[in-house]
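J.: Got a structure for you, input-v7.tsv, holding TSV, C-alpha atoms.
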```tsv
chain	number	residue	atom	x	y	z
A	292	MET	CA	48.11	3.39	15.00
A	293	GLU	CA	44.88	5.02	13.85
A	294	THR	CA	43.27	3.43	10.83
A	295	ASP	CA	40.45	5.24	9.06
A	296	CYS	CA	39.96	3.03	6.05
A	297	ASN	CA	38.56	-0.36	5.26
A	298	PRO	CA	40.85	-2.83	3.44
A	299	MET	CA	37.89	-3.76	1.27
A	300	GLU	CA	37.82	-0.16	-0.04
A	301	LEU	CA	40.45	-1.14	-2.56
A	302	SER	CA	37.84	-3.09	-4.52
A	303	SER	CA	35.82	-0.07	-5.65
A	304	PRO	CA	36.91	3.45	-6.60
A	305	SER	CA	34.65	5.17	-4.11
A	306	GLY	CA	35.43	2.80	-1.25
A	307	PHE	CA	31.80	1.76	-0.88
A	308	GLU	CA	29.65	-0.62	-2.82
A	309	GLU	CA	26.91	0.72	-5.05
A	310	GLY	CA	23.94	1.90	-3.00
A	311	SER	CA	25.87	2.03	0.27
A	312	GLU	CA	24.21	4.23	2.84
A	313	LEU	CA	27.43	5.02	4.71
A	314	ASN	CA	29.25	7.79	2.89
A	315	GLY	CA	30.43	9.84	5.86
A	316	PHE	CA	28.63	12.26	8.12
A	317	GLU	CA	29.51	15.67	6.76
A	318	GLY	CA	27.36	17.18	4.06
A	319	THR	CA	24.67	14.54	4.28
A	320	ASP	CA	21.02	15.13	4.93
A	321	MET	CA	19.69	13.79	8.21
A	322	LYS	CA	18.62	10.21	7.59
A	323	ASP	CA	17.68	7.19	9.61
A	324	LEU	CA	20.87	6.28	11.43
A	325	ARG	CA	19.72	2.67	11.72
A	326	LEU	CA	20.67	2.30	8.04
A	327	GLU	CA	24.05	3.89	8.77
A	328	ALA	CA	24.51	1.50	11.70
A	329	GLU	CA	23.78	-1.52	9.49
A	330	ALA	CA	26.42	-0.32	7.02
A	331	VAL	CA	28.94	0.14	9.84
A	332	VAL	CA	28.31	-3.42	11.03
A	333	ASN	CA	28.71	-4.84	7.53
A	334	ASP	CA	32.00	-2.99	7.04
A	335	VAL	CA	33.85	-4.46	10.04
A	336	LEU	CA	32.09	-7.70	10.87
A	337	PHE	CA	35.10	-9.60	9.48
A	338	ALA	CA	37.34	-8.20	12.23
A	339	VAL	CA	35.24	-8.65	15.39
A	340	HIS	CA	33.74	-11.66	17.15
A	341	ASN	CA	30.15	-10.38	17.00
A	342	MET	CA	28.46	-7.12	16.01
A	343	PHE	CA	24.84	-6.12	15.42
A	344	VAL	CA	22.46	-3.18	15.61
A	345	SER	CA	20.57	-3.25	18.90
A	346	LYS	CA	16.98	-4.40	18.69
A	347	ASN	CA	16.31	-3.49	22.33
A	348	LEU	CA	17.48	0.13	22.41
A	349	HIS	CA	15.45	2.72	20.54
A	350	CYS	CA	17.00	3.77	17.23
A	351	ALA	CA	15.75	6.97	15.64
A	352	ASP	CA	16.61	9.39	12.86
A	353	ASP	CA	19.36	10.91	15.00
A	354	VAL	CA	20.71	7.96	17.02
A	355	ALA	CA	21.38	4.24	16.66
A	356	TYR	CA	23.01	1.72	18.96
A	357	ILE	CA	25.43	-1.01	17.94
A	358	ASN	CA	26.51	-3.92	20.12
A	359	VAL	CA	30.02	-5.21	19.49
A	360	GLU	CA	32.03	-8.04	20.97
A	361	THR	CA	35.70	-7.79	20.09
A	362	LYS	CA	37.89	-10.77	19.30
A	363	GLU	CA	39.17	-10.44	22.88
A	364	ARG	CA	35.55	-11.08	23.98
A	365	SER	CA	35.07	-7.60	25.46
A	366	ARG	CA	31.53	-6.29	24.94
A	367	TYR	CA	30.54	-2.72	24.21
A	368	CYS	CA	27.43	-0.78	23.36
A	369	LEU	CA	28.18	1.96	20.83
A	370	GLU	CA	26.15	5.05	20.09
A	371	LEU	CA	26.07	6.34	16.52
A	372	THR	CA	25.02	9.97	16.06
A	373	GLU	CA	25.80	12.75	13.65
A	374	ALA	CA	28.82	13.51	15.88
A	375	GLY	CA	30.27	10.03	15.27
A	376	LEU	CA	30.58	6.83	17.29
A	377	ARG	CA	31.36	6.39	20.95
A	378	VAL	CA	31.21	3.77	23.68
A	379	VAL	CA	28.15	4.26	25.92
A	380	GLY	CA	28.21	0.95	27.79
A	381	TYR	CA	30.35	-2.03	28.64
A	382	ASP	CA	27.84	-4.74	27.75
A	383	PHE	CA	25.24	-5.32	25.06
A	384	ASP	CA	22.26	-2.93	25.17
A	385	GLN	CA	23.73	-1.05	28.14
A	386	VAL	CA	23.75	2.76	28.14
A	387	ASP	CA	25.49	4.51	31.03
A	388	ASP	CA	24.42	8.17	30.89
A	389	HIS	CA	27.37	9.15	33.11
A	390	LEU	CA	29.98	7.62	30.82
A	391	GLN	CA	32.00	10.34	29.08
A	392	THR	CA	33.87	8.73	26.19
A	393	PRO	CA	35.25	10.50	23.12
A	394	TYR	CA	33.55	10.42	19.74
A	395	HIS	CA	35.32	8.78	16.81
A	396	GLU	CA	34.67	9.80	13.22
A	397	THR	CA	34.87	6.20	12.00
A	398	ILE	CA	34.26	2.71	13.31
A	399	TYR	CA	37.83	1.87	12.27
A	400	SER	CA	39.28	4.49	14.59
A	401	LEU	CA	37.06	3.43	17.49
A	402	LEU	CA	37.83	-0.29	17.13
A	403	ASP	CA	41.52	0.47	16.71
A	404	THR	CA	41.51	1.96	20.22
A	405	LEU	CA	39.48	-0.91	21.75
A	406	SER	CA	40.90	-4.06	20.20
A	407	PRO	CA	44.47	-5.06	19.31
A	408	ALA	CA	42.99	-8.18	17.64
A	409	TYR	CA	40.85	-5.92	15.41
A	410	ARG	CA	44.00	-4.07	14.39
A	411	GLU	CA	45.67	-7.39	13.51
A	412	ALA	CA	42.63	-8.69	11.56
A	413	PHE	CA	42.40	-5.39	9.69
A	414	GLY	CA	46.09	-5.50	8.80
A	415	ASN	CA	45.85	-9.12	7.66
A	416	ALA	CA	42.83	-8.36	5.47
A	417	LEU	CA	44.65	-5.40	3.93
A	418	LEU	CA	47.74	-7.50	3.27
A	419	GLN	CA	45.67	-10.26	1.63
A	420	ARG	CA	43.93	-7.71	-0.59
A	421	LEU	CA	47.24	-6.16	-1.65
A	422	GLU	CA	48.68	-9.60	-2.41
A	423	ALA	CA	45.60	-10.40	-4.52
A	424	LEU	CA	46.04	-7.14	-6.46
A	425	GLU	CA	49.70	-7.96	-7.05
A	426	ARG	CA	48.77	-11.44	-8.35
A	427	ASP	CA	46.17	-9.89	-10.66
A	428	GLU	CA	48.75	-7.46	-12.06
A	429	GLN	CA	51.18	-10.31	-12.75
A	430	SER	CA	48.65	-12.37	-14.70
```
Using the file provided, produce a representation of the structure as structure tokens.
T.:
Amino acid sequence: METDCNPMELSSPSGFEEGSELNGFEGTDMKDLRLEAEAVVNDVLFAVHNMFVSKNLHCADDVAYINVETKERSRYCLELTEAGLRVVGYDFDQVDDHLQTPYHETIYSLLDTLSPAYREAFGNALLQRLEALERDEQS
């Protein structure tokens, strides 16, 4: 199952809070991807064990690195570029230049392939949000 949305998107019409820096890759001017990486982390932190933008690997206008530990306790280093996100290492702050992994357009798609527990947490969050909307409609 590929999931390309955030269950919290239901709370605002655009899917992102006011002032969010992460509005997709296409059609945007080149900007500091460290800001994009921070937005990615904030979007899915609820569904992973640990996730943060690397302070040890060099982030620039065109690349940022995100360390993620899934709920299964698997660690990954992710690269964020204009092309999308991909796994570049199998531990925090590790970049293996020989690793050839596919790019994902969204963090949701990437985590969906890496972590069954992410998929479950995402589904549970979506269900809770839908139940809250239903309660609001009934009141």
J.: Taking all atoms listed in the file into account, name the residue in A:Arg377, A:His395, A:Arg410, A:Arg366 that is nearest to Val335 in chain A.
T.: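 Closest to Val335 in chain A of all the choices is A:Arg410.
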J.: Could you work out how far CA of Asn341 in chain A lies from CA of Glu360 in chain A, giving the answer in Å with one decimal?
T.: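 CA of Glu360 in chain A sits 5.0 Å away from CA of Asn341 in chain A.
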J.: Near Pro407 in chain A, within 9 Å and counting all atoms listed in the file, which residues show up once chain neighbours fewer than 5 positions away are dropped, as a list in words?
T.: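 Returned residues: Lys362, Glu363, Leu402 and Ala412 of chain A.
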J.: Could the residues in this selection be written to a file with C-alpha atoms, as a short mmCIF file (atom, residue, chain, number, x, y, z; two decimals), keeping the file's coordinate frame?
T.:
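File written: again.cif
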```cif
data_model
loop_
_atom_site.label_atom_id
_atom_site.label_comp_id
_atom_site.auth_asym_id
_atom_site.auth_seq_id
_atom_site.Cartn_x
_atom_site.Cartn_y
_atom_site.Cartn_z
CA LYS A 362 37.89 -10.77 19.30
CA GLU A 363 39.17 -10.44 22.88
CA LEU A 402 37.83 -0.29 17.13
CA ALA A 412 42.63 -8.69 11.56
#
```
J.: So how many Å separate CA of Val331 in chain A and CA of Ala355 in chain A, to one decimal?
T.: 11.0 Å
J.: Between CA of Gly375 in chain A and CA of Leu401 in chain A, measure the distance and give it in Å to one decimal.
T.: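 Interatomic distance here is 9.7 Å.
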